[in-house]
file my_file.txt (compact mmCIF, N, CA and C atoms)
# COMPACT_ATOMS: atom_id res chain seq x y z
N MET A 37 -7.88 -8.18 -15.46
CA MET A 37 -7.88 -8.70 -14.11
C MET A 37 -8.93 -7.96 -13.28
N ASN A 38 -9.88 -8.70 -12.80
CA ASN A 38 -10.97 -8.07 -12.08
C ASN A 38 -10.95 -8.31 -10.58
N SER A 39 -10.39 -9.39 -10.13
CA SER A 39 -10.44 -9.71 -8.72
C SER A 39 -9.04 -10.00 -8.19
N LEU A 40 -8.92 -9.97 -6.87
CA LEU A 40 -7.65 -10.30 -6.24
C LEU A 40 -7.23 -11.72 -6.60
N LYS A 41 -8.18 -12.63 -6.63
CA LYS A 41 -7.88 -14.02 -6.98
C LYS A 41 -7.28 -14.11 -8.38
N GLN A 42 -7.83 -13.35 -9.32
CA GLN A 42 -7.31 -13.36 -10.69
C GLN A 42 -5.91 -12.75 -10.76
N VAL A 43 -5.67 -11.70 -9.98
CA VAL A 43 -4.35 -11.07 -9.95
C VAL A 43 -3.33 -12.06 -9.40
N ILE A 44 -3.68 -12.74 -8.32
CA ILE A 44 -2.77 -13.73 -7.73
C ILE A 44 -2.48 -14.84 -8.73
N GLN A 45 -3.51 -15.32 -9.43
CA GLN A 45 -3.31 -16.37 -10.43
C GLN A 45 -2.39 -15.89 -11.55
N SER A 46 -2.57 -14.64 -11.98
CA SER A 46 -1.71 -14.10 -13.04
C SER A 46 -0.26 -13.98 -12.58
N LEU A 47 -0.07 -13.59 -11.32
CA LEU A 47 1.28 -13.52 -10.76
C LEU A 47 1.91 -14.91 -10.71
N ARG A 48 1.18 -15.87 -10.19
CA ARG A 48 1.70 -17.22 -10.01
C ARG A 48 2.03 -17.88 -11.35
N SER A 49 1.27 -17.55 -12.37
CA SER A 49 1.52 -18.15 -13.69
C SER A 49 2.59 -17.39 -14.47
N GLY A 50 3.01 -16.23 -13.96
CA GLY A 50 4.04 -15.46 -14.64
C GLY A 50 3.52 -14.57 -15.76
N LYS A 51 2.20 -14.44 -15.89
CA LYS A 51 1.62 -13.59 -16.93
C LYS A 51 1.90 -12.11 -16.66
N VAL A 52 2.06 -11.78 -15.41
CA VAL A 52 2.29 -10.40 -15.01
C VAL A 52 3.25 -10.42 -13.82
N SER A 53 4.02 -9.34 -13.66
CA SER A 53 4.98 -9.27 -12.55
C SER A 53 4.47 -8.31 -11.48
N PRO A 54 5.00 -8.43 -10.27
CA PRO A 54 4.65 -7.48 -9.22
C PRO A 54 4.96 -6.03 -9.63
N THR A 55 6.04 -5.85 -10.38
CA THR A 55 6.40 -4.51 -10.83
C THR A 55 5.31 -3.94 -11.75
N GLU A 56 4.82 -4.76 -12.69
CA GLU A 56 3.77 -4.30 -13.61
C GLU A 56 2.49 -3.96 -12.86
N ILE A 57 2.09 -4.81 -11.94
CA ILE A 57 0.85 -4.57 -11.19
C ILE A 57 0.99 -3.31 -10.33
N SER A 58 2.13 -3.17 -9.67
CA SER A 58 2.35 -2.00 -8.82
C SER A 58 2.35 -0.71 -9.63
N GLU A 59 2.99 -0.73 -10.81
CA GLU A 59 3.00 0.47 -11.66
C GLU A 59 1.58 0.85 -12.09
N ARG A 60 0.77 -0.14 -12.40
CA ARG A 60 -0.63 0.14 -12.76
C ARG A 60 -1.36 0.81 -11.62
N CYS A 61 -1.15 0.30 -10.40
CA CYS A 61 -1.82 0.88 -9.23
C CYS A 61 -1.31 2.29 -8.92
N ILE A 62 -0.02 2.48 -9.03
CA ILE A 62 0.57 3.81 -8.79
C ILE A 62 0.03 4.80 -9.81
N ASP A 63 0.00 4.41 -11.08
CA ASP A 63 -0.53 5.28 -12.13
C ASP A 63 -2.00 5.60 -11.88
N ARG A 64 -2.76 4.60 -11.48
CA ARG A 64 -4.19 4.80 -11.22
C ARG A 64 -4.39 5.79 -10.07
N ALA A 65 -3.59 5.64 -9.02
CA ALA A 65 -3.67 6.57 -7.89
C ALA A 65 -3.35 8.00 -8.33
N LYS A 66 -2.34 8.15 -9.18
CA LYS A 66 -1.98 9.48 -9.69
C LYS A 66 -3.11 10.07 -10.52
N ASN A 67 -3.71 9.25 -11.39
CA ASN A 67 -4.79 9.73 -12.25
C ASN A 67 -6.04 10.09 -11.47
N LEU A 68 -6.21 9.52 -10.30
CA LEU A 68 -7.40 9.78 -9.49
C LEU A 68 -7.09 10.64 -8.26
N LYS A 69 -5.98 11.36 -8.33
CA LYS A 69 -5.55 12.19 -7.21
C LYS A 69 -6.64 13.18 -6.74
N PHE A 70 -7.46 13.62 -7.67
CA PHE A 70 -8.52 14.58 -7.35
C PHE A 70 -9.53 14.01 -6.34
N LEU A 71 -9.56 12.70 -6.18
CA LEU A 71 -10.48 12.09 -5.21
C LEU A 71 -9.99 12.22 -3.77
N ASN A 72 -8.73 12.61 -3.59
CA ASN A 72 -8.14 12.77 -2.27
C ASN A 72 -8.19 11.46 -1.47
N ALA A 73 -8.01 10.35 -2.16
CA ALA A 73 -8.08 9.04 -1.52
C ALA A 73 -6.85 8.74 -0.68
N PHE A 74 -5.69 9.27 -1.09
CA PHE A 74 -4.44 9.00 -0.38
C PHE A 74 -3.99 10.21 0.41
N VAL A 75 -3.62 9.96 1.66
CA VAL A 75 -3.01 11.00 2.50
C VAL A 75 -1.51 11.02 2.23
N THR A 76 -0.93 9.84 2.10
CA THR A 76 0.50 9.69 1.83
C THR A 76 0.68 8.61 0.78
N GLU A 77 1.45 8.91 -0.25
CA GLU A 77 1.78 7.91 -1.27
C GLU A 77 3.21 7.46 -1.03
N THR A 78 3.45 6.17 -1.20
CA THR A 78 4.78 5.60 -0.94
C THR A 78 5.34 5.00 -2.24
N GLU A 79 5.34 5.82 -3.25
CA GLU A 79 5.71 5.39 -4.60
C GLU A 79 7.10 4.75 -4.67
N SER A 80 8.11 5.40 -4.12
CA SER A 80 9.47 4.86 -4.24
C SER A 80 9.62 3.57 -3.44
N ARG A 81 9.04 3.51 -2.25
CA ARG A 81 9.08 2.28 -1.46
C ARG A 81 8.35 1.16 -2.18
N ALA A 82 7.22 1.49 -2.78
CA ALA A 82 6.42 0.49 -3.49
C ALA A 82 7.22 -0.07 -4.67
N ARG A 83 7.86 0.80 -5.41
CA ARG A 83 8.66 0.34 -6.55
C ARG A 83 9.79 -0.58 -6.11
N LYS A 84 10.43 -0.23 -5.01
CA LYS A 84 11.52 -1.06 -4.49
C LYS A 84 10.99 -2.42 -4.04
N ALA A 85 9.89 -2.43 -3.29
CA ALA A 85 9.31 -3.70 -2.81
C ALA A 85 8.84 -4.55 -3.97
N ALA A 86 8.24 -3.93 -4.98
CA ALA A 86 7.76 -4.67 -6.15
C ALA A 86 8.93 -5.27 -6.92
N ALA A 87 10.01 -4.52 -7.03
CA ALA A 87 11.20 -5.03 -7.74
C ALA A 87 11.79 -6.23 -7.00
N ILE A 88 11.80 -6.17 -5.68
CA ILE A 88 12.31 -7.30 -4.89
C ILE A 88 11.42 -8.52 -5.09
N SER A 89 10.10 -8.33 -5.07
CA SER A 89 9.18 -9.44 -5.31
C SER A 89 9.35 -10.01 -6.71
N THR A 90 9.46 -9.12 -7.68
CA THR A 90 9.64 -9.56 -9.07
C THR A 90 10.91 -10.40 -9.21
N GLU A 91 12.00 -9.93 -8.62
CA GLU A 91 13.27 -10.66 -8.72
C GLU A 91 13.16 -12.02 -8.04
N ARG A 92 12.61 -12.04 -6.83
CA ARG A 92 12.48 -13.30 -6.09
C ARG A 92 11.63 -14.31 -6.87
N GLN A 93 10.52 -13.83 -7.42
CA GLN A 93 9.61 -14.73 -8.13
C GLN A 93 10.20 -15.20 -9.46
N SER A 94 10.92 -14.33 -10.15
CA SER A 94 11.47 -14.73 -11.44
C SER A 94 12.72 -15.61 -11.30
N MET A 95 13.46 -15.42 -10.21
CA MET A 95 14.69 -16.20 -10.01
C MET A 95 14.39 -17.65 -9.65
N ASN A 96 13.46 -17.85 -8.70
CA ASN A 96 13.25 -19.22 -8.23
C ASN A 96 11.77 -19.56 -8.01
N GLY A 97 10.89 -18.69 -8.44
CA GLY A 97 9.46 -18.96 -8.28
C GLY A 97 8.98 -18.96 -6.85
N ALA A 98 9.78 -18.37 -5.96
CA ALA A 98 9.43 -18.36 -4.54
C ALA A 98 8.46 -17.23 -4.21
N PHE A 99 7.45 -17.56 -3.44
CA PHE A 99 6.48 -16.58 -2.97
C PHE A 99 6.50 -16.59 -1.45
N LEU A 100 6.55 -15.39 -0.83
CA LEU A 100 6.56 -15.31 0.63
C LEU A 100 5.20 -15.66 1.21
N GLY A 101 4.16 -15.45 0.44
CA GLY A 101 2.80 -15.71 0.91
C GLY A 101 1.82 -15.32 -0.17
N ASP A 102 0.55 -15.42 0.16
CA ASP A 102 -0.50 -15.12 -0.82
C ASP A 102 -0.47 -13.69 -1.33
N LEU A 103 0.02 -12.76 -0.53
CA LEU A 103 0.04 -11.35 -0.93
C LEU A 103 1.36 -10.92 -1.57
N ASP A 104 2.26 -11.84 -1.80
CA ASP A 104 3.56 -11.48 -2.35
C ASP A 104 3.40 -10.81 -3.71
N GLY A 105 3.84 -9.55 -3.78
CA GLY A 105 3.76 -8.78 -5.03
C GLY A 105 2.45 -8.06 -5.24
N ILE A 106 1.51 -8.19 -4.31
CA ILE A 106 0.20 -7.55 -4.44
C ILE A 106 0.24 -6.14 -3.82
N PRO A 107 -0.10 -5.12 -4.59
CA PRO A 107 -0.15 -3.76 -4.05
C PRO A 107 -1.30 -3.62 -3.04
N ILE A 108 -1.00 -2.95 -1.94
CA ILE A 108 -2.01 -2.68 -0.92
C ILE A 108 -1.92 -1.21 -0.51
N ALA A 109 -2.98 -0.74 0.09
CA ALA A 109 -3.00 0.56 0.74
C ALA A 109 -3.64 0.34 2.10
N VAL A 110 -3.19 1.08 3.10
CA VAL A 110 -3.78 0.95 4.43
C VAL A 110 -4.31 2.31 4.88
N LYS A 111 -5.35 2.27 5.69
CA LYS A 111 -5.89 3.52 6.24
C LYS A 111 -4.80 4.22 7.04
N ASP A 112 -4.87 5.52 7.08
CA ASP A 112 -3.84 6.32 7.71
C ASP A 112 -3.88 6.28 9.23
N ASN A 113 -4.70 5.43 9.82
CA ASN A 113 -4.67 5.26 11.27
C ASN A 113 -3.87 4.02 11.69
N PHE A 114 -3.33 3.30 10.72
CA PHE A 114 -2.43 2.18 11.02
C PHE A 114 -1.00 2.69 10.97
N THR A 115 -0.23 2.42 12.02
CA THR A 115 1.15 2.89 12.03
C THR A 115 1.98 2.12 11.00
N THR A 116 2.87 2.88 10.36
CA THR A 116 3.76 2.34 9.34
C THR A 116 5.15 2.89 9.59
N GLU A 117 6.07 1.99 9.87
CA GLU A 117 7.43 2.38 10.24
C GLU A 117 8.06 3.28 9.18
N GLY A 118 8.48 4.47 9.62
CA GLY A 118 9.18 5.40 8.74
C GLY A 118 8.30 6.11 7.73
N ILE A 119 6.98 5.90 7.82
CA ILE A 119 6.04 6.54 6.89
C ILE A 119 5.06 7.37 7.72
N ARG A 120 4.87 8.58 7.32
CA ARG A 120 3.98 9.50 8.04
C ARG A 120 2.62 8.84 8.31
N THR A 121 2.19 8.93 9.56
CA THR A 121 0.89 8.40 9.97
C THR A 121 0.17 9.52 10.71
N THR A 122 -0.88 10.06 10.10
CA THR A 122 -1.53 11.25 10.65
C THR A 122 -2.90 11.00 11.26
N CYS A 123 -3.50 9.87 11.00
CA CYS A 123 -4.91 9.62 11.38
C CYS A 123 -5.80 10.72 10.81
N SER A 124 -5.36 11.33 9.73
CA SER A 124 -6.04 12.45 9.08
C SER A 124 -6.30 13.61 10.04
N SER A 125 -5.35 13.82 10.93
CA SER A 125 -5.46 14.90 11.91
C SER A 125 -4.26 15.83 11.80
N ASN A 126 -4.53 17.13 11.88
CA ASN A 126 -3.43 18.10 11.87
C ASN A 126 -2.54 17.95 13.09
N MET A 127 -3.10 17.43 14.18
CA MET A 127 -2.33 17.23 15.40
C MET A 127 -1.17 16.25 15.17
N LEU A 128 -1.36 15.29 14.26
CA LEU A 128 -0.33 14.28 13.99
C LEU A 128 0.30 14.45 12.60
N LYS A 129 0.17 15.63 12.02
CA LYS A 129 0.58 15.81 10.62
C LYS A 129 2.03 15.47 10.34
N ASP A 130 2.90 15.50 11.34
CA ASP A 130 4.31 15.20 11.13
C ASP A 130 4.78 13.95 11.86
N TYR A 131 3.85 13.13 12.35
CA TYR A 131 4.23 11.94 13.11
C TYR A 131 4.71 10.83 12.18
N ILE A 132 5.90 10.34 12.48
CA ILE A 132 6.47 9.21 11.75
C ILE A 132 6.77 8.13 12.78
N PRO A 133 5.97 7.07 12.78
CA PRO A 133 6.14 6.04 13.80
C PRO A 133 7.39 5.18 13.60
N PRO A 134 7.93 4.67 14.73
CA PRO A 134 9.14 3.84 14.66
C PRO A 134 8.82 2.35 14.47
N TYR A 135 7.56 2.00 14.25
CA TYR A 135 7.16 0.60 14.13
C TYR A 135 5.92 0.48 13.25
N ASN A 136 5.67 -0.74 12.78
CA ASN A 136 4.47 -1.03 12.00
C ASN A 136 3.39 -1.59 12.92
N ALA A 137 2.14 -1.29 12.60
CA ALA A 137 1.03 -1.97 13.25
C ALA A 137 1.16 -3.46 12.92
N THR A 138 0.69 -4.30 13.81
CA THR A 138 0.81 -5.75 13.60
C THR A 138 0.23 -6.17 12.27
N VAL A 139 -0.96 -5.68 11.94
CA VAL A 139 -1.60 -6.09 10.68
C VAL A 139 -0.78 -5.65 9.47
N VAL A 140 -0.19 -4.47 9.54
CA VAL A 140 0.66 -4.00 8.44
C VAL A 140 1.90 -4.88 8.33
N GLN A 141 2.53 -5.17 9.46
CA GLN A 141 3.74 -5.99 9.45
C GLN A 141 3.45 -7.38 8.89
N LYS A 142 2.32 -7.95 9.26
CA LYS A 142 1.97 -9.29 8.75
C LYS A 142 1.78 -9.28 7.24
N MET A 143 1.17 -8.23 6.71
CA MET A 143 1.00 -8.15 5.26
C MET A 143 2.35 -7.96 4.56
N LEU A 144 3.21 -7.10 5.12
CA LEU A 144 4.52 -6.89 4.53
C LEU A 144 5.38 -8.15 4.59
N ASP A 145 5.24 -8.91 5.68
CA ASP A 145 5.99 -10.16 5.82
C ASP A 145 5.60 -11.19 4.76
N THR A 146 4.40 -11.08 4.22
CA THR A 146 3.98 -12.00 3.16
C THR A 146 4.24 -11.42 1.78
N GLY A 147 4.96 -10.28 1.72
CA GLY A 147 5.38 -9.73 0.44
C GLY A 147 4.48 -8.67 -0.16
N ALA A 148 3.47 -8.22 0.58
CA ALA A 148 2.59 -7.18 0.06
C ALA A 148 3.40 -5.91 -0.24
N VAL A 149 2.94 -5.16 -1.23
CA VAL A 149 3.62 -3.94 -1.68
C VAL A 149 2.76 -2.74 -1.27
N LEU A 150 3.22 -1.98 -0.29
CA LEU A 150 2.47 -0.83 0.22
C LEU A 150 2.63 0.36 -0.71
N ILE A 151 1.51 0.79 -1.32
CA ILE A 151 1.58 1.93 -2.24
C ILE A 151 1.17 3.24 -1.57
N GLY A 152 0.59 3.17 -0.37
CA GLY A 152 0.25 4.41 0.31
C GLY A 152 -0.70 4.23 1.47
N LYS A 153 -1.00 5.39 2.08
CA LYS A 153 -1.89 5.48 3.23
C LYS A 153 -3.15 6.24 2.79
N THR A 154 -4.31 5.66 3.07
CA THR A 154 -5.55 6.24 2.56
C THR A 154 -6.25 7.13 3.58
N ASN A 155 -7.06 8.01 3.05
CA ASN A 155 -7.77 9.02 3.81
C ASN A 155 -8.86 8.40 4.68
N LEU A 156 -9.24 9.11 5.71
CA LEU A 156 -10.32 8.71 6.59
C LEU A 156 -10.76 9.92 7.38
N ASP A 157 -11.90 9.82 8.05
CA ASP A 157 -12.28 10.89 8.97
C ASP A 157 -11.24 10.94 10.08
N GLU A 158 -11.06 12.12 10.66
CA GLU A 158 -10.06 12.28 11.69
C GLU A 158 -10.21 11.22 12.78
N PHE A 159 -9.12 10.50 13.03
CA PHE A 159 -9.07 9.40 14.00
C PHE A 159 -10.13 8.33 13.74
N ALA A 160 -10.63 8.26 12.51
CA ALA A 160 -11.65 7.28 12.11
C ALA A 160 -12.93 7.45 12.92
N MET A 161 -13.23 8.69 13.29
CA MET A 161 -14.41 8.95 14.13
C MET A 161 -15.42 9.77 13.35
N GLY A 162 -16.04 9.19 12.36
CA GLY A 162 -17.03 9.92 11.59
C GLY A 162 -17.50 9.07 10.43
N SER A 163 -18.20 9.72 9.50
CA SER A 163 -18.73 8.94 8.40
C SER A 163 -18.70 9.65 7.06
N GLY A 164 -18.10 10.84 6.99
CA GLY A 164 -18.20 11.55 5.73
C GLY A 164 -16.92 12.13 5.14
N CYS A 165 -15.79 12.00 5.82
CA CYS A 165 -14.52 12.57 5.36
C CYS A 165 -14.64 14.05 5.04
N VAL A 166 -15.40 14.77 5.85
CA VAL A 166 -15.62 16.19 5.60
C VAL A 166 -14.42 17.03 6.07
N ASP A 167 -13.84 16.68 7.20
CA ASP A 167 -12.78 17.48 7.79
C ASP A 167 -11.42 16.81 7.75
N THR A 168 -11.13 16.10 6.69
CA THR A 168 -9.85 15.41 6.59
C THR A 168 -8.76 16.35 6.11
N ILE A 169 -7.52 15.92 6.26
CA ILE A 169 -6.41 16.76 5.83
C ILE A 169 -6.15 16.60 4.35

call {"tool": "encode", "arguments": {"input": "my_file.txt", "output": "structure tokens"}}
result
Amino acid sequence: MNSLKQVIQSLRSGKVSPTEISERCIDRAKNLKFLNAFVTETESRARKAAAISTERQSMNGAFLGDLDGIPIAVKDNFTTEGIRTTCSSNMLKDYIPPYNATVVQKMLDTGAVLIGKTNLDEFAMGSGCVDTI
């Protein structure tokens, strides 16, 4: 599977499940941890969301939307309910927002599986990720 379109087609045809795709992405993130790409990983939440998508799709073939069962990651400057959001700043290192950013909520509403929050320059104000947490 090389593209998002191919992954969606494989999901829709039943060749692969959301759980399988999510596990591949989680494993890949773990194997590439040295890149410091993720500020926060949401492995247990991702597994739970993937299992729900897998069950829904296998029971009745229902899809919430185009992203149902697709693993995603969002930059750490988007608020995520109950998940640490730091904007890669020590000032916000313990901030856990009580709500999702609209874009995050819309993706989750269509069944996307959040595997984590990705690194960025502090408050997304830079170009080199030199001083990130």

call {"tool": "atom_distance", "arguments": {"input": "my_file.txt", "atom1": "atom CA of Gly97 of chain A", "atom2": "atom CA of Lys142 of chain A"}}
result
21.0 Å

call {"tool": "residues_around", "arguments": {"input": "my_file.txt", "residues": "Phe114 of chain A", "least_positions_apart": "2", "cutoff": "7 Å", "atoms": "only N, CA and C atoms", "output": "mmCIF file with N, CA and C atoms, in the frame of the given file"}}
result
data_model
loop_
_atom_site.group_PDB
_atom_site.id
_atom_site.type_symbol
_atom_site.label_atom_id
_atom_site.label_comp_id
_atom_site.auth_asym_id
_atom_site.auth_seq_id
_atom_site.Cartn_x
_atom_site.Cartn_y
_atom_site.Cartn_z
ATOM 1 N N VAL A 110 -3.190 1.080 3.100
ATOM 2 C CA VAL A 110 -3.780 0.950 4.430
ATOM 3 C C VAL A 110 -4.310 2.310 4.880
ATOM 4 N N LYS A 111 -5.350 2.270 5.690
ATOM 5 C CA LYS A 111 -5.890 3.520 6.240
ATOM 6 C C LYS A 111 -4.800 4.220 7.040
ATOM 7 N N ASP A 112 -4.870 5.520 7.080
ATOM 8 C CA ASP A 112 -3.840 6.320 7.710
ATOM 9 C C ASP A 112 -3.880 6.280 9.230
ATOM 10 N N THR A 116 2.870 2.880 10.360
ATOM 11 C CA THR A 116 3.760 2.340 9.340
ATOM 12 C C THR A 116 5.150 2.890 9.590
ATOM 13 N N THR A 121 2.190 8.930 9.560
ATOM 14 C CA THR A 121 0.890 8.400 9.970
ATOM 15 C C THR A 121 0.170 9.520 10.710
ATOM 16 N N CYS A 123 -3.500 9.870 11.000
ATOM 17 C CA CYS A 123 -4.910 9.620 11.380
ATOM 18 C C CYS A 123 -5.800 10.720 10.810
ATOM 19 N N ASN A 136 5.670 -0.740 12.780
ATOM 20 C CA ASN A 136 4.470 -1.030 12.000
ATOM 21 C C ASN A 136 3.390 -1.590 12.920
ATOM 22 N N ALA A 137 2.140 -1.290 12.600
ATOM 23 C CA ALA A 137 1.030 -1.970 13.250
ATOM 24 C C ALA A 137 1.160 -3.460 12.920
#

call {"tool": "atom_distance", "arguments": {"input": "my_file.txt", "atom1": "atom CA of Glu56 of chain A", "atom2": "atom CA of Lys153 of chain A"}}
result
20.3 Å

call {"tool": "closest_residue", "arguments": {"input": "my_file.txt", "among": "A:Val43, A:Met161, A:Ile88, A:Ile119", "to": "Tyr135 of chain A", "atoms": "only C-alpha atoms"}}
result
A:Ile119

call {"tool": "closest_residue", "arguments": {"input": "my_file.txt", "among": "A:Ser49, A:Asn155, A:Ser94, A:Ser80", "to": "Asn113 of chain A", "atoms": "only C-alpha atoms"}}
result
A:Asn155

call {"tool": "select_by_dssp", "arguments": {"input": "my_file.txt", "residues": "segment 72-151 of chain A", "states": "alpha helix (DSSP H)", "output": "JSON, numbers by chain"}}
result
{"A": [79, 80, 81, 82, 83, 84, 85, 86, 87, 88, 89, 90, 91, 92, 93, 94, 95, 96, 138, 139, 140, 141, 142, 143, 144, 145]}

call {"tool": "atom_distance", "arguments": {"input": "my_file.txt", "atom1": "atom CA of Gly105 of chain A", "atom2": "atom CA of Ile57 of chain A"}}
result
8.0 Å
